[in-house]
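Here is the file run15.cif (mmCIF, C-alpha atoms).
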```
data_upload
#
loop_
_atom_site.label_atom_id
_atom_site.label_comp_id
_atom_site.auth_asym_id
_atom_site.auth_seq_id
_atom_site.Cartn_x
_atom_site.Cartn_y
_atom_site.Cartn_z
CA MET L 1 -66.51 -68.25 -31.40
CA THR L 2 -62.85 -67.32 -30.97
CA LEU L 3 -60.16 -69.99 -30.92
CA ILE L 4 -57.43 -69.55 -28.28
CA LEU L 5 -54.14 -71.24 -29.19
CA THR L 6 -51.23 -71.66 -26.77
CA ALA L 7 -47.54 -71.89 -27.67
CA THR L 8 -47.52 -75.66 -27.10
CA GLU L 9 -50.51 -76.17 -29.39
CA LEU L 10 -49.00 -73.94 -32.05
CA ALA L 11 -45.65 -75.75 -31.99
CA ALA L 12 -47.46 -78.96 -32.90
CA ALA L 13 -49.20 -77.26 -35.83
CA VAL L 14 -46.21 -75.64 -37.60
CA ASP L 15 -45.55 -76.84 -41.16
CA MET L 16 -42.37 -75.11 -42.34
CA ARG L 17 -42.71 -75.93 -46.02
CA ALA L 18 -46.29 -74.67 -46.09
CA THR L 19 -45.24 -71.56 -44.17
CA ILE L 20 -42.52 -70.77 -46.71
CA ASP L 21 -45.01 -71.07 -49.56
CA ALA L 22 -47.57 -68.94 -47.73
CA VAL L 23 -45.03 -66.22 -46.94
CA GLU L 24 -43.91 -66.12 -50.57
CA ALA L 25 -47.48 -65.90 -51.86
CA SER L 26 -48.33 -63.15 -49.37
CA LEU L 27 -45.33 -61.08 -50.47
CA VAL L 28 -46.58 -61.30 -54.04
CA ASP L 29 -50.00 -60.15 -52.78
CA GLN L 30 -48.24 -57.20 -51.17
CA ALA L 31 -46.46 -56.31 -54.41
CA SER L 32 -49.66 -56.59 -56.46
CA GLY L 33 -51.75 -54.53 -54.04
CA ASP L 34 -53.99 -57.43 -52.97
CA ALA L 35 -52.68 -57.11 -49.41
CA HIS L 36 -52.22 -53.99 -47.30
CA GLN L 37 -49.13 -53.66 -45.12
CA PRO L 38 -48.96 -50.36 -43.17
CA ALA L 39 -45.93 -49.17 -41.24
CA PRO L 40 -45.90 -50.41 -37.63
CA LEU L 41 -46.93 -48.24 -34.71
CA SER L 42 -44.17 -47.99 -32.10
CA MET L 43 -44.96 -46.70 -28.61
CA ARG L 44 -42.73 -45.90 -25.66
CA LEU L 45 -43.19 -44.19 -22.32
CA PRO L 46 -40.86 -41.57 -20.79
CA GLY L 47 -38.04 -42.97 -18.68
CA ALA L 48 -38.42 -46.55 -19.93
CA ASP L 49 -36.42 -48.57 -22.43
CA SER L 50 -39.47 -50.66 -23.31
CA ARG L 51 -41.19 -50.40 -26.66
CA TYR L 52 -44.59 -51.66 -27.74
CA LEU L 53 -45.18 -52.29 -31.42
CA ILE L 54 -48.45 -52.91 -33.23
CA MET L 55 -47.95 -54.76 -36.50
CA ALA L 56 -50.97 -55.18 -38.77
CA ALA L 57 -51.91 -56.42 -42.22
CA ALA L 58 -54.97 -57.22 -44.33
CA SER L 59 -55.18 -59.72 -47.17
CA GLY L 60 -57.98 -60.41 -49.61
CA PRO L 61 -56.53 -63.69 -50.94
CA ARG L 62 -55.93 -64.99 -47.37
CA GLY L 63 -59.32 -63.72 -46.16
CA LEU L 64 -57.83 -62.27 -42.99
CA VAL L 65 -56.98 -59.14 -41.09
CA ALA L 66 -54.24 -59.65 -38.50
CA SER L 67 -52.66 -57.56 -35.77
CA LYS L 68 -49.83 -58.37 -33.38
CA LEU L 69 -48.86 -56.58 -30.18
CA LEU L 70 -45.13 -57.01 -29.62
CA SER L 71 -43.71 -55.93 -26.27
CA ASP L 72 -39.94 -55.40 -26.43
CA ILE L 73 -38.66 -55.09 -22.86
CA PRO L 74 -34.86 -55.56 -22.55
CA GLY L 75 -35.03 -55.13 -18.77
CA ASN L 76 -36.88 -58.45 -18.48
CA ALA L 77 -33.56 -60.26 -18.97
CA GLY L 78 -32.43 -59.26 -15.48
CA ALA L 79 -35.51 -60.92 -14.00
CA GLY L 80 -35.11 -64.09 -16.06
CA LEU L 81 -38.13 -63.24 -18.21
CA PRO L 82 -38.45 -63.16 -22.02
CA THR L 83 -37.38 -59.80 -23.43
CA GLN L 84 -40.01 -60.04 -26.16
CA ARG L 85 -43.59 -61.19 -25.81
CA SER L 86 -46.36 -61.02 -28.36
CA SER L 87 -49.88 -62.08 -29.20
CA ILE L 88 -51.64 -62.22 -32.56
CA VAL L 89 -55.31 -61.57 -33.30
CA LEU L 90 -56.86 -62.94 -36.50
CA ALA L 91 -60.14 -61.56 -37.83
CA ASP L 92 -62.26 -62.56 -40.81
CA GLN L 93 -61.66 -60.08 -43.62
CA SER L 94 -65.29 -60.21 -44.79
CA THR L 95 -67.25 -60.19 -41.53
CA GLY L 96 -64.77 -58.76 -39.01
CA GLU L 97 -65.36 -61.72 -36.67
CA THR L 98 -62.45 -62.40 -34.30
CA LEU L 99 -61.40 -65.89 -35.32
CA ALA L 100 -58.41 -66.55 -33.11
CA LEU L 101 -55.97 -65.32 -30.48
CA LEU L 102 -52.49 -66.85 -30.79
CA ASP L 103 -49.47 -66.69 -28.50
CA GLY L 104 -46.90 -64.98 -30.72
CA ARG L 105 -43.65 -66.77 -29.86
CA VAL L 106 -43.91 -69.83 -32.10
CA PRO L 107 -45.51 -68.10 -35.12
CA THR L 108 -42.97 -65.26 -35.01
CA ARG L 109 -40.01 -67.62 -34.94
CA ALA L 110 -41.36 -69.82 -37.75
CA ARG L 111 -42.44 -67.02 -40.06
CA THR L 112 -39.14 -65.16 -39.57
CA ALA L 113 -37.21 -68.25 -40.62
CA ALA L 114 -39.59 -68.82 -43.52
CA MET L 115 -39.01 -65.25 -44.69
CA SER L 116 -35.25 -65.81 -44.70
CA ALA L 117 -35.80 -68.99 -46.71
CA VAL L 118 -37.88 -67.12 -49.29
CA ALA L 119 -35.25 -64.37 -49.53
CA SER L 120 -32.49 -66.96 -49.92
CA ARG L 121 -34.42 -68.83 -52.60
CA HIS L 122 -34.58 -65.65 -54.68
CA LEU L 123 -31.29 -63.94 -53.78
CA ALA L 124 -28.69 -66.55 -52.85
CA ARG L 125 -26.82 -68.51 -55.49
CA PRO L 126 -28.90 -71.66 -56.10
CA GLU L 127 -25.86 -73.93 -55.75
CA SER L 128 -25.18 -72.66 -52.19
CA THR L 129 -24.35 -75.56 -49.86
CA VAL L 130 -22.75 -73.91 -46.80
CA LEU L 131 -24.96 -71.93 -44.44
CA GLY L 132 -23.47 -69.61 -41.83
CA LEU L 133 -25.34 -68.75 -38.63
CA VAL L 134 -24.33 -65.93 -36.32
CA GLY L 135 -26.23 -67.06 -33.24
CA ALA L 136 -27.34 -70.57 -32.27
CA GLY L 137 -30.59 -70.19 -30.33
CA ALA L 138 -34.10 -71.34 -31.21
CA LEU L 139 -34.27 -68.91 -34.14
CA ALA L 140 -31.10 -70.49 -35.58
CA VAL L 141 -32.68 -73.95 -35.38
CA ALA L 142 -35.77 -72.69 -37.22
CA HIS L 143 -33.58 -71.03 -39.86
CA LEU L 144 -31.65 -74.21 -40.59
CA GLU L 145 -34.91 -76.17 -40.88
CA ALA L 146 -36.38 -73.57 -43.24
CA LEU L 147 -33.31 -73.12 -45.42
CA CYS L 148 -32.92 -76.87 -45.89
CA GLU L 149 -36.28 -76.68 -47.68
CA VAL L 150 -35.01 -74.30 -50.38
CA LEU L 151 -31.27 -74.92 -50.86
CA PRO L 152 -29.03 -78.03 -51.12
CA LEU L 153 -27.31 -77.42 -47.79
CA SER L 154 -24.69 -79.89 -46.62
CA THR L 155 -22.90 -77.86 -43.92
CA VAL L 156 -23.79 -75.25 -41.34
CA VAL L 157 -21.02 -73.11 -39.82
CA VAL L 158 -22.26 -71.64 -36.56
CA TRP L 159 -21.04 -69.16 -33.98
CA SER L 160 -22.46 -68.63 -30.51
CA ARG L 161 -21.38 -66.74 -27.43
CA THR L 162 -21.78 -69.85 -25.26
CA ASP L 163 -20.86 -73.51 -25.59
CA ALA L 164 -24.13 -74.50 -23.92
CA THR L 165 -26.16 -72.87 -26.69
CA LEU L 166 -24.04 -74.63 -29.32
CA THR L 167 -24.62 -77.97 -27.63
CA ALA L 168 -28.38 -77.38 -27.55
CA PHE L 169 -28.29 -76.35 -31.22
CA ARG L 170 -26.48 -79.55 -32.20
CA GLN L 171 -29.05 -81.67 -30.40
CA ALA L 172 -31.98 -79.78 -31.94
CA VAL L 173 -30.79 -80.26 -35.54
CA GLU L 174 -29.70 -83.90 -35.32
CA HIS L 175 -32.65 -84.87 -37.54
CA LEU L 176 -31.27 -82.80 -40.43
CA GLU L 177 -28.64 -84.25 -42.76
CA VAL L 178 -26.09 -81.46 -42.37
CA GLU L 179 -22.63 -81.26 -40.85
CA VAL L 180 -22.43 -78.78 -37.95
CA VAL L 181 -19.14 -76.87 -37.75
CA PRO L 182 -18.78 -74.56 -34.71
CA VAL L 183 -16.36 -71.63 -34.94
CA ARG L 184 -14.92 -69.26 -32.36
CA ARG L 185 -15.05 -66.00 -34.32
CA ILE L 186 -17.86 -64.46 -36.33
CA ARG L 187 -15.47 -63.70 -39.16
CA GLU L 188 -14.90 -67.44 -39.61
CA VAL L 189 -18.60 -67.82 -40.44
CA PHE L 190 -18.22 -65.39 -43.34
CA ASP L 191 -14.95 -66.98 -44.45
CA ALA L 192 -16.69 -70.33 -44.98
CA ALA L 193 -20.34 -69.71 -45.84
CA ASP L 194 -22.18 -69.19 -49.13
CA LEU L 195 -24.98 -67.43 -47.28
CA VAL L 196 -25.17 -66.09 -43.73
CA CYS L 197 -28.04 -65.35 -41.36
CA THR L 198 -27.31 -62.91 -38.51
CA LEU L 199 -29.54 -63.77 -35.55
CA THR L 200 -28.31 -61.77 -32.57
CA PRO L 201 -30.22 -59.09 -30.62
CA SER L 202 -27.27 -56.78 -31.12
CA VAL L 203 -27.23 -53.06 -30.42
CA THR L 204 -23.95 -52.34 -32.23
CA PRO L 205 -22.59 -54.10 -35.33
CA VAL L 206 -21.20 -57.60 -34.92
CA VAL L 207 -20.58 -57.94 -38.68
CA SER L 208 -17.97 -55.95 -40.59
CA GLY L 209 -18.56 -55.24 -44.25
CA GLU L 210 -14.95 -56.07 -45.09
CA TRP L 211 -15.71 -59.73 -44.27
CA LEU L 212 -18.28 -60.14 -47.05
CA ARG L 213 -17.09 -62.19 -50.01
CA PRO L 214 -18.17 -61.97 -53.67
CA GLY L 215 -21.28 -64.03 -54.35
CA GLN L 216 -22.36 -64.16 -50.70
CA HIS L 217 -25.92 -63.58 -49.55
CA VAL L 218 -26.75 -62.19 -46.10
CA ASN L 219 -30.05 -62.27 -44.22
CA ALA L 220 -29.77 -59.57 -41.53
CA VAL L 221 -32.46 -60.72 -39.12
CA GLY L 222 -31.70 -60.43 -35.43
CA ALA L 223 -31.47 -56.77 -34.41
CA ARG L 224 -34.34 -55.49 -32.31
CA PRO L 225 -36.96 -53.45 -34.20
CA ARG L 226 -35.42 -50.13 -33.22
CA PRO L 227 -33.88 -47.40 -35.38
CA ASP L 228 -30.72 -47.30 -33.25
CA HIS L 229 -29.96 -51.06 -33.09
CA ARG L 230 -28.09 -52.99 -35.78
CA GLU L 231 -26.06 -56.13 -36.48
CA VAL L 232 -24.23 -55.17 -39.68
CA ASP L 233 -22.12 -52.06 -40.17
CA ALA L 234 -22.52 -49.37 -42.81
CA GLU L 235 -19.82 -50.90 -45.01
CA ALA L 236 -21.77 -54.16 -45.25
CA MET L 237 -24.82 -52.23 -46.43
CA ARG L 238 -22.75 -50.19 -48.88
CA ARG L 239 -21.15 -53.25 -50.49
CA SER L 240 -24.44 -55.13 -50.89
CA ARG L 241 -27.43 -55.11 -53.18
CA VAL L 242 -30.02 -54.37 -50.48
CA ILE L 243 -33.57 -55.75 -50.51
CA LEU L 244 -36.17 -54.88 -47.82
CA ASP L 245 -39.22 -56.70 -46.51
CA SER L 246 -41.18 -53.43 -46.41
CA ARG L 247 -39.89 -49.99 -47.22
CA GLU L 248 -42.21 -48.25 -44.76
CA THR L 249 -41.35 -50.67 -41.98
CA ALA L 250 -37.61 -50.46 -42.57
CA LEU L 251 -37.72 -46.67 -42.50
CA ALA L 252 -39.56 -46.83 -39.18
CA LYS L 253 -37.48 -49.36 -37.27
CA SER L 254 -34.44 -50.78 -39.10
CA GLY L 255 -31.25 -49.53 -37.51
CA ASP L 256 -29.25 -51.54 -40.06
CA LEU L 257 -30.65 -49.33 -42.83
CA LEU L 258 -31.22 -46.04 -41.04
CA LEU L 259 -27.80 -45.81 -39.40
CA ALA L 260 -26.03 -46.73 -42.65
CA MET L 261 -27.98 -43.95 -44.39
CA GLU L 262 -27.15 -41.53 -41.57
CA GLU L 263 -23.46 -42.35 -41.99
CA GLY L 264 -23.64 -41.72 -45.75
CA ALA L 265 -22.92 -45.31 -46.82
CA LEU L 266 -26.00 -45.42 -49.03
CA GLY L 267 -29.16 -43.48 -49.80
CA LEU L 268 -32.73 -44.67 -50.07
CA ASP L 269 -32.40 -44.64 -53.85
CA ASP L 270 -29.65 -47.25 -53.52
CA VAL L 271 -32.11 -49.75 -52.04
CA VAL L 272 -33.31 -52.08 -54.81
CA GLY L 273 -36.85 -52.56 -53.50
CA GLU L 274 -38.94 -55.02 -51.54
CA LEU L 275 -38.66 -58.80 -51.65
CA GLY L 276 -42.21 -59.10 -52.95
CA GLN L 277 -41.24 -56.99 -55.94
CA VAL L 278 -38.31 -59.31 -56.65
CA ILE L 279 -40.54 -62.39 -56.47
CA ALA L 280 -43.14 -60.74 -58.73
CA GLY L 281 -40.45 -59.85 -61.28
CA GLU L 282 -40.93 -56.10 -60.85
CA VAL L 283 -37.29 -55.51 -59.85
CA PRO L 284 -34.24 -57.74 -60.38
CA GLY L 285 -32.73 -59.56 -57.42
CA ARG L 286 -29.26 -61.05 -57.82
CA GLU L 287 -27.75 -59.85 -61.09
CA SER L 288 -24.55 -61.92 -61.15
CA ALA L 289 -22.81 -64.80 -59.40
CA GLU L 290 -20.25 -62.38 -57.95
CA GLN L 291 -22.72 -59.86 -56.52
CA ILE L 292 -23.22 -59.58 -52.74
CA THR L 293 -26.89 -59.48 -51.77
CA LEU L 294 -28.38 -58.53 -48.40
CA PHE L 295 -31.95 -58.97 -47.23
CA ASN L 296 -32.83 -56.54 -44.44
CA SER L 297 -35.42 -58.53 -42.47
CA VAL L 298 -37.21 -56.29 -39.98
CA GLY L 299 -40.51 -58.14 -39.60
CA ILE L 300 -43.94 -57.25 -40.96
CA GLY L 301 -47.50 -58.02 -39.96
CA LEU L 302 -48.20 -59.71 -43.28
CA LEU L 303 -45.96 -62.60 -42.21
CA ASP L 304 -48.01 -63.07 -39.03
CA LEU L 305 -51.12 -63.12 -41.18
CA ALA L 306 -49.63 -65.68 -43.56
CA ILE L 307 -48.64 -68.16 -40.87
CA GLY L 308 -51.76 -67.32 -38.88
CA ARG L 309 -53.92 -68.57 -41.75
CA ILE L 310 -52.07 -71.90 -41.81
CA LEU L 311 -52.01 -72.36 -38.03
CA PHE L 312 -55.69 -71.49 -37.65
CA ASP L 313 -56.79 -73.87 -40.40
CA THR L 314 -54.57 -76.66 -39.04
CA ALA L 315 -55.83 -76.16 -35.49
CA VAL L 316 -59.45 -76.31 -36.63
CA SER L 317 -58.86 -79.48 -38.65
CA ARG L 318 -57.06 -81.18 -35.72
CA GLY L 319 -59.36 -79.94 -32.98
CA LEU L 320 -56.65 -77.95 -31.22
CA GLY L 321 -57.20 -74.99 -28.92
CA THR L 322 -60.03 -73.68 -26.80
CA HIS L 323 -63.14 -71.97 -28.16
CA ILE L 324 -64.45 -68.93 -26.26
CA GLU L 325 -67.48 -66.77 -27.01
CA LEU L 326 -66.05 -63.29 -26.53
CA SER L 327 -69.33 -61.50 -27.19
CA GLY L 328 -71.27 -63.61 -24.71
#
```

Translate this structure into structure tokens?
Amino acid sequence: MTLILTATELAAAVDMRATIDAVEASLVDQASGDAHQPAPLSMRLPGADSRYLIMAAASGPRGLVASKLLSDIPGNAGAGLPTQRSSIVLADQSTGETLALLDGRVPTRARTAAMSAVASRHLARPESTVLGLVGAGALAVAHLEALCEVLPLSTVVVWSRTDATLTAFRQAVEHLEVEVVPVRRIREVFDAADLVCTLTPSVTPVVSGEWLRPGQHVNAVGARPRPDHREVDAEAMRRSRVILDSRETALAKSGDLLLAMEEGALGLDDVVGELGQVIAGEVPGRESAEQITLFNSVGIGLLDLAIGRILFDTAVSRGLGTHIELSG
């Protein structure tokens, strides 16, 4: 039997703290070779701006194989439709049985925020109290919730293009004990924050490397998974100690990295390594309180697998979802 889980059902099953721990453990599995994380497959058709990505992973310790189909269709915005849609399939690693089909929106948002929390736990200065957010949508809310689990945050400095989004953000984070400080310019976020998460679907850089301050940590998260889209400029990459989620994935679809390399700001040898290697102690992360660190978060299938394990187990224990016999 295959369990079908809708976005509403999944939202009720998310446990951010457990997701952070699962993401961290899965990255260690990746570093040790107990999980397999191939580069994503990206497809496009002539004459269309749409892209279709298949992100997959397999994990012995989690007992799963997972695959996600992500449709990235910018033109949907003009029709009032989501520009990204996805679905996740979970299969039993031992038997190959299809265990579940999940709508991808909620898991993707939660696991992305959890990944930033893991990166910040290992790369940001542990005494960091001021979080900066470039963008204030649903992903920003999830990031604040996740980062409050790993750092002693007291203040969030946030920029958004619209006042309406800022108002919605304020209302969504009222349950968290942090002061919300809105700013009018992105540079003001960097002027105030100990660590910054960039969360915009930008095509060209919205962050200048000259704004980065000693000791700051940056999670570059929001750019679409395309080699020609980026949020941070080449100078930001050059000034930072750069950590990736997956080398293969970044080389396939991270415009933040690829365009900076193309412009000569850094070479592949300048990249420290993958976050899993930092967690496992194979490569050093932050080396001093003054160093600028940057986590290039592109998105990998292993994260979908990690949160998929938690959501599936929670749904089964709570009786959520609909069971369907696909082979019947």

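Residues in contact with Pro214 (chain L) at up to 6 Å, not including ones fewer than 3 positions away on its chain and judged by all atoms listed in the file, are Glu290, Gln291 and Ile292 of chain L.
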
> Do you have the CA of Arg238 (chain L)-CA of Ala220 (chain L) distance handy?
Replying inline: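 If I compute the distance from CA of Arg238 (chain L) to CA of Ala220 (chain L), I get 13.8 Å.
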
> So what does the PyMOL selection byres ((chain L and resi 304) around 8) actually pick up in this one, as a PyMOL selection string?
Replying inline: chain L and resi 66-68+88+107-108+111+300-303+305-308

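Near Pro201 (chain L), within 7 Å and counting all atoms listed in the file, sit Gly222, Ala223 and Arg224 of chain L; same-chain residues fewer than 5 positions away were not included.
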
> Quick one: of L:Val180, L:Gly137, L:Cys197, L:His122, who's nearest to Ala164 (chain L), counting only C-alpha atoms?
Replying inline: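 That would be L:Gly137, the residue with the smallest distance to Ala164 (chain L).
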
> Care to translate the PyMOL selection byres ((chain L and resi 10) around 9) into actual residues of this file, as a PyMOL selection string?
Replying inline: chain L and resi 5-9+11-14+102-103+106-107+311+315+320-321

Just say which residues the PyMOL selection byres ((chain L and resi 186-188) around 9) picks in this file, as a CSV table (one decimal) with C-alpha atoms, in the frame of the given file.
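Contents of the output file part-v1.csv:
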```csv
chain,number,residue,atom,x,y,z
L,133,LEU,CA,-25.3,-68.8,-38.6
L,134,VAL,CA,-24.3,-65.9,-36.3
L,157,VAL,CA,-21.0,-73.1,-39.8
L,158,VAL,CA,-22.3,-71.6,-36.6
L,159,TRP,CA,-21.0,-69.2,-34.0
L,160,SER,CA,-22.5,-68.6,-30.5
L,183,VAL,CA,-16.4,-71.6,-34.9
L,184,ARG,CA,-14.9,-69.3,-32.4
L,185,ARG,CA,-15.0,-66.0,-34.3
L,189,VAL,CA,-18.6,-67.8,-40.4
L,190,PHE,CA,-18.2,-65.4,-43.3
L,191,ASP,CA,-15.0,-67.0,-44.4
L,192,ALA,CA,-16.7,-70.3,-45.0
L,193,ALA,CA,-20.3,-69.7,-45.8
L,206,VAL,CA,-21.2,-57.6,-34.9
L,207,VAL,CA,-20.6,-57.9,-38.7
L,208,SER,CA,-18.0,-56.0,-40.6
L,211,TRP,CA,-15.7,-59.7,-44.3
```

> In Å to one decimal, how far is CA of Glu174 (chain L) from CA of Ser297 (chain L)?
Replying inline: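 So the answer is 27.0 Å.
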
> Using all atoms listed in the file, which of L:Ala234, L:Leu244, L:Leu53, L:Val272 sits nearest Leu259 (chain L)?
Replying inline: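 Going through L:Ala234, L:Leu244, L:Leu53, L:Val272 one by one, the smallest distance to Leu259 (chain L) is for L:Ala234.
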
> Residues at most 7 Å from region 264-269 of chain L, counting only C-alpha atoms, excluding those fewer than 2 positions away in the same chain, as a ChimeraX atom specification?
Replying inline: /L:234-235,238,260-262,271

Writing out the chosen residues with C-alpha atoms as an mmCIF file, in the frame of the given file:
```
data_model
loop_
_atom_site.group_PDB
_atom_site.id
_atom_site.type_symbol
_atom_site.label_atom_id
_atom_site.label_comp_id
_atom_site.auth_asym_id
_atom_site.auth_seq_id
_atom_site.Cartn_x
_atom_site.Cartn_y
_atom_site.Cartn_z
ATOM 1 C CA ALA L 234 -22.520 -49.370 -42.810
ATOM 2 C CA GLU L 235 -19.820 -50.900 -45.010
ATOM 3 C CA ARG L 238 -22.750 -50.190 -48.880
ATOM 4 C CA ALA L 260 -26.030 -46.730 -42.650
ATOM 5 C CA MET L 261 -27.980 -43.950 -44.390
ATOM 6 C CA GLU L 262 -27.150 -41.530 -41.570
ATOM 7 C CA VAL L 271 -32.110 -49.750 -52.040
#
```

> Could you work out how far CA of Gln277 (chain L) lies from CA of Arg125 (chain L), giving the answer in Å with one decimal?
Replying inline: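 About the pair CA of Arg125 (chain L) and CA of Gln277 (chain L): they are 18.5 Å apart.
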
Taking (-30.2, -59.7, -43.7) in the file's coordinates as the center, which residues reach within 7 Å of it, counting all atoms listed in the file, put as a short mmCIF file (atom, residue, chain, number, x, y, z; two decimals) with C-alpha atoms, in the coordinates of the input?
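File produced: result_6.cif:
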```cif
data_model
loop_
_atom_site.label_atom_id
_atom_site.label_comp_id
_atom_site.auth_asym_id
_atom_site.auth_seq_id
_atom_site.Cartn_x
_atom_site.Cartn_y
_atom_site.Cartn_z
CA CYS L 197 -28.04 -65.35 -41.36
CA THR L 198 -27.31 -62.91 -38.51
CA VAL L 218 -26.75 -62.19 -46.10
CA ASN L 219 -30.05 -62.27 -44.22
CA ALA L 220 -29.77 -59.57 -41.53
CA VAL L 221 -32.46 -60.72 -39.12
CA LEU L 294 -28.38 -58.53 -48.40
CA PHE L 295 -31.95 -58.97 -47.23
CA ASN L 296 -32.83 -56.54 -44.44
CA SER L 297 -35.42 -58.53 -42.47
#
```

> With only C-alpha atoms as the basis for distance, which of L:Val178, L:Ala138, L:Leu99, L:Ala168 is at the shortest distance from Leu153 (chain L)?
Replying inline: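 Among L:Val178, L:Ala138, L:Leu99, L:Ala168, it is L:Val178 that comes nearest to Leu153 (chain L).
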